[in-house]
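Visitor: Got a structure for you, questions after.
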Amino acid sequence: MDAHHALHFTFGIFGNATALFLFLAPLITFKRIVKGKSTEQFSGIPYVMTLLNCLLSAWYGLPFVSEHNILVSTINGTGAAIEIIYVIIFITYAGKKERTKILGLFTFVLAVFGVVVFISLFALHGHGRKLFCGLAATIFSIIMYGSPLSIMRMVIKTKSVEFMPFFLSLFVFLCGTSWFVFGLLGKDPFVAVPNGFGCGLGTMQLILYAIYRNRGEPKKPTSAAAADVELGKPQLEKPSKSPNGNA
């Protein structure tokens, strides 16, 4: 293994580790859901959409779709398994209306993935297959990385980083950077582009944290305000007018 391939492999391993942290970040949320036997005001949509991203990315990384991307498949396959567990738990404890909505979205996600797999296996070959699967994975990777934008907007509005945890922002940056470099070294735009976006987003989050981290003492989150800051869009209550509003 030459230096280039060794570096490529190293960034892939580091990307696996940082991505695993992001996938496991919602454990606190789901421990609360199981303990309270209720999904409260948490949203299940981010977990279902992250599942779709993981499925598409895992499929793209398989050798017969794209070369030298098996590490993309390993972490996203693991992520898909974790997200399925999250979705099952959410459906189990959700109210009737929310359960129906998430079940419908879950069915839609599996259908989309099934269509992508079917088309890529039986209608496309070679570069066409890689292009089709790569575009699908890229679109949903960017959507997943972009989901915290609403939190960043609230940080700027309220001048508080209360609901934008530092370590979560740090690992978004590290994960995006690792896979961005991995994509560059492997000359694969379908890995580099969405993770370059994630790297930039993580950088912006860390800059916001540096700017607003000392702006007042944070208050304790409400059940709504604490929702889904890990990987998805939160359902936050409007903060009261104080120097330490929600972020």
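Residues in the structure tokens are named by chain (A, B, ... in the order shown) and by number from 1 within that chain; ligands are numbered from 1 in the order shown.
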Using only C-alpha atoms, determine which residues lie at most 9 Å from segment 109-114 of chain A, disregarding the query and same-chain residues fewer than 5 positions distant; provide the list as a list in words.
Guide: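 So the residues in contact are Val48, Met49, Leu51, Leu52, Leu55, Leu56, Gly104 and Ile119 of chain A.
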Visitor: Based on the selection just made, write N, CA and C atoms of those residues as a PDB file, in the first residue's frame.
Guide:
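Just written: selection-v2.pdb:
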```pdb
ATOM      1  N   VAL A  48     -35.892   9.177  10.031  1.00  0.00           N
ATOM      2  CA  VAL A  48     -36.317   8.456   8.828  1.00  0.00           C
ATOM      3  C   VAL A  48     -35.523   8.945   7.619  1.00  0.00           C
ATOM      4  N   MET A  49     -35.314  10.269   7.533  1.00  0.00           N
ATOM      5  CA  MET A  49     -34.566  10.814   6.400  1.00  0.00           C
ATOM      6  C   MET A  49     -33.082  10.455   6.486  1.00  0.00           C
ATOM      7  N   LEU A  51     -32.046   7.711   7.737  1.00  0.00           N
ATOM      8  CA  LEU A  51     -32.047   6.315   7.311  1.00  0.00           C
ATOM      9  C   LEU A  51     -31.935   6.214   5.799  1.00  0.00           C
ATOM     10  N   LEU A  52     -32.702   7.032   5.086  1.00  0.00           N
ATOM     11  CA  LEU A  52     -32.635   7.008   3.621  1.00  0.00           C
ATOM     12  C   LEU A  52     -31.246   7.383   3.139  1.00  0.00           C
ATOM     13  N   LEU A  55     -28.902   4.415   3.741  1.00  0.00           N
ATOM     14  CA  LEU A  55     -29.152   3.316   2.805  1.00  0.00           C
ATOM     15  C   LEU A  55     -28.560   3.624   1.427  1.00  0.00           C
ATOM     16  N   LEU A  56     -28.803   4.843   0.938  1.00  0.00           N
ATOM     17  CA  LEU A  56     -28.304   5.227  -0.378  1.00  0.00           C
ATOM     18  C   LEU A  56     -26.782   5.307  -0.403  1.00  0.00           C
ATOM     19  N   GLY A 104     -45.844   6.070   7.365  1.00  0.00           N
ATOM     20  CA  GLY A 104     -45.978   6.407   5.954  1.00  0.00           C
ATOM     21  C   GLY A 104     -44.665   6.871   5.363  1.00  0.00           C
ATOM     22  N   ILE A 119     -33.367  -0.016 -10.216  1.00  0.00           N
ATOM     23  CA  ILE A 119     -32.893   0.653 -11.435  1.00  0.00           C
ATOM     24  C   ILE A 119     -31.397   0.458 -11.624  1.00  0.00           C
TER      25      ILE A 119
END
```
Visitor: Give me the residues near Asn69 of chain A as a PyMOL selection string, where near means some atom within 10 Å (using only C-alpha atoms) and where sequence neighbours in that chain fewer than 4 positions away do not count.
Guide: chain A and resi 9+12+57-58+60-63+65+73-74+182-183+186+188+191
Visitor: Write to file, as a compact mmCIF listing (two decimals), in the first residue's frame, the residues of the selection just made, with N, CA, C and O atoms.
Guide:
```
# COMPACT_ATOMS: atom_id res chain seq x y z
N PHE A 9 -7.09 5.53 3.19
CA PHE A 9 -7.67 4.57 4.13
C PHE A 9 -7.77 5.17 5.54
O PHE A 9 -8.78 4.99 6.23
N GLY A 12 -10.62 7.47 5.85
CA GLY A 12 -11.85 6.68 5.86
C GLY A 12 -12.15 6.11 7.23
O GLY A 12 -13.30 6.12 7.68
N SER A 57 -26.19 5.86 0.67
CA SER A 57 -24.73 5.97 0.73
C SER A 57 -24.07 4.60 0.86
O SER A 57 -23.02 4.35 0.27
N ALA A 58 -24.69 3.72 1.66
CA ALA A 58 -24.15 2.36 1.81
C ALA A 58 -24.19 1.62 0.48
O ALA A 58 -23.24 0.90 0.12
N TYR A 60 -24.17 3.03 -2.51
CA TYR A 60 -23.20 3.66 -3.41
C TYR A 60 -21.79 3.16 -3.14
O TYR A 60 -20.98 3.02 -4.07
N GLY A 61 -21.47 2.88 -1.88
CA GLY A 61 -20.11 2.47 -1.54
C GLY A 61 -19.76 1.05 -1.90
O GLY A 61 -18.58 0.66 -1.81
N LEU A 62 -20.74 0.24 -2.29
CA LEU A 62 -20.47 -1.15 -2.64
C LEU A 62 -19.60 -1.24 -3.89
O LEU A 62 -19.73 -0.43 -4.81
N PRO A 63 -18.70 -2.21 -3.94
CA PRO A 63 -17.72 -2.30 -5.04
C PRO A 63 -18.31 -2.34 -6.44
O PRO A 63 -17.69 -1.83 -7.39
N VAL A 65 -20.82 -0.77 -7.46
CA VAL A 65 -21.37 0.55 -7.79
C VAL A 65 -20.24 1.55 -7.94
O VAL A 65 -20.16 2.27 -8.93
N SER A 73 -19.54 2.27 2.76
CA SER A 73 -20.60 1.28 2.99
C SER A 73 -20.63 0.80 4.44
O SER A 73 -21.70 0.62 5.02
N THR A 74 -19.45 0.57 5.04
CA THR A 74 -19.43 0.03 6.39
C THR A 74 -20.09 0.97 7.39
O THR A 74 -20.94 0.54 8.18
N PHE A 182 -11.32 12.30 2.19
CA PHE A 182 -11.42 10.94 1.65
C PHE A 182 -11.90 10.99 0.20
O PHE A 182 -11.36 10.29 -0.68
N GLY A 183 -12.92 11.82 -0.06
CA GLY A 183 -13.45 11.95 -1.42
C GLY A 183 -12.45 12.58 -2.36
O GLY A 183 -12.34 12.18 -3.53
N GLY A 186 -9.74 10.07 -3.14
CA GLY A 186 -10.28 9.03 -4.02
C GLY A 186 -10.82 9.57 -5.32
O GLY A 186 -11.34 8.81 -6.14
N ASP A 188 -13.45 11.27 -5.92
CA ASP A 188 -14.87 10.92 -6.02
C ASP A 188 -15.72 12.11 -5.60
O ASP A 188 -15.88 12.39 -4.41
N VAL A 191 -18.59 11.77 -2.98
CA VAL A 191 -18.22 11.74 -1.56
C VAL A 191 -17.72 13.11 -1.12
O VAL A 191 -18.08 13.60 -0.05
```
Visitor: Quick check for you: according to DSSP on this backbone, which residues of segment 9-205 of chain A are classed as helix (DSSP H, G or I)? Reply as a PyMOL selection string.
Guide: chain A and resi 9-24+27-36+45-60+70-93+96-122+126-146+149-158+166-185+189-205
Visitor: State, in Å with one decimal place, the distance from atom CA of Ile13 of chain A to atom CA of Ile82 of chain A.
Guide: 18.6 Å
Visitor: Extract, using only C-alpha atoms, all DNA, RNA and protein residues at most 8 Å from Val172 of chain A, discarding same-chain residues fewer than 4 positions from it, and format them as a PyMOL selection string.
Guide: chain A and resi 18+22+168+176+198-199+201-202
Visitor: Could you take the residues named above and write them with C-alpha atoms, as a PDB file, in the first residue's frame?
Guide:
```
ATOM      1  CA  THR A  18     -16.655  10.455  13.793  1.00  0.00           C
ATOM      2  CA  LEU A  22     -23.063  11.388  15.200  1.00  0.00           C
ATOM      3  CA  LEU A 168     -21.884  17.805  18.372  1.00  0.00           C
ATOM      4  CA  GLY A 176     -17.462  16.295   7.169  1.00  0.00           C
ATOM      5  CA  GLY A 198     -20.750  19.308   5.915  1.00  0.00           C
ATOM      6  CA  CYS A 199     -17.232  20.548   6.627  1.00  0.00           C
ATOM      7  CA  LEU A 201     -21.411  23.809   7.971  1.00  0.00           C
ATOM      8  CA  GLY A 202     -19.410  22.412  10.891  1.00  0.00           C
TER       9      GLY A 202
END
```
Visitor: Find the residues around Ile207 of chain A up to 12 Å (only C-alpha atoms counted), leave out those fewer than 3 positions away in its own chain, and share them as a list of chain:residue names.
Guide: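 My list of contacting residues is A:Met152, A:Val155, A:Ile156, A:Val161, A:Met164, A:Phe166, A:Ser169, A:Leu170, A:Phe173, A:Gly200, A:Leu201, A:Gly202, A:Thr203, A:Met204, A:Ala210, A:Ile211, A:Tyr212, A:Arg213.
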Visitor: Using only C-alpha atoms, which of the listed residues (A:Phe30, A:Trp59, A:Phe23, A:Phe122) sits closest to Glu83 of chain A?
Guide: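 Residue with the minimum atom-to-atom distance to Glu83 of chain A: A:Phe23.
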Visitor: Could you tell me how far atom CA of Tyr209 of chain A lies from atom CA of Phe197 of chain A, in Å and to one decimal?
Guide: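 These atoms are spaced 18.4 Å apart.
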Visitor: Give me, please, the distance in Å between atom CA of Cys133 of chain A and atom CA of Val116 of chain A, quoted to one decimal.
Guide: 7.1 Å
Visitor: Which residue, A:Gly79, A:Arg129, A:Thr158, A:Ile91, has the smallest gap to Phe21 of chain A when you use only C-alpha atoms?
Guide: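 Going through A:Gly79, A:Arg129, A:Thr158, A:Ile91 one by one, the smallest distance to Phe21 of chain A is for A:Gly79.
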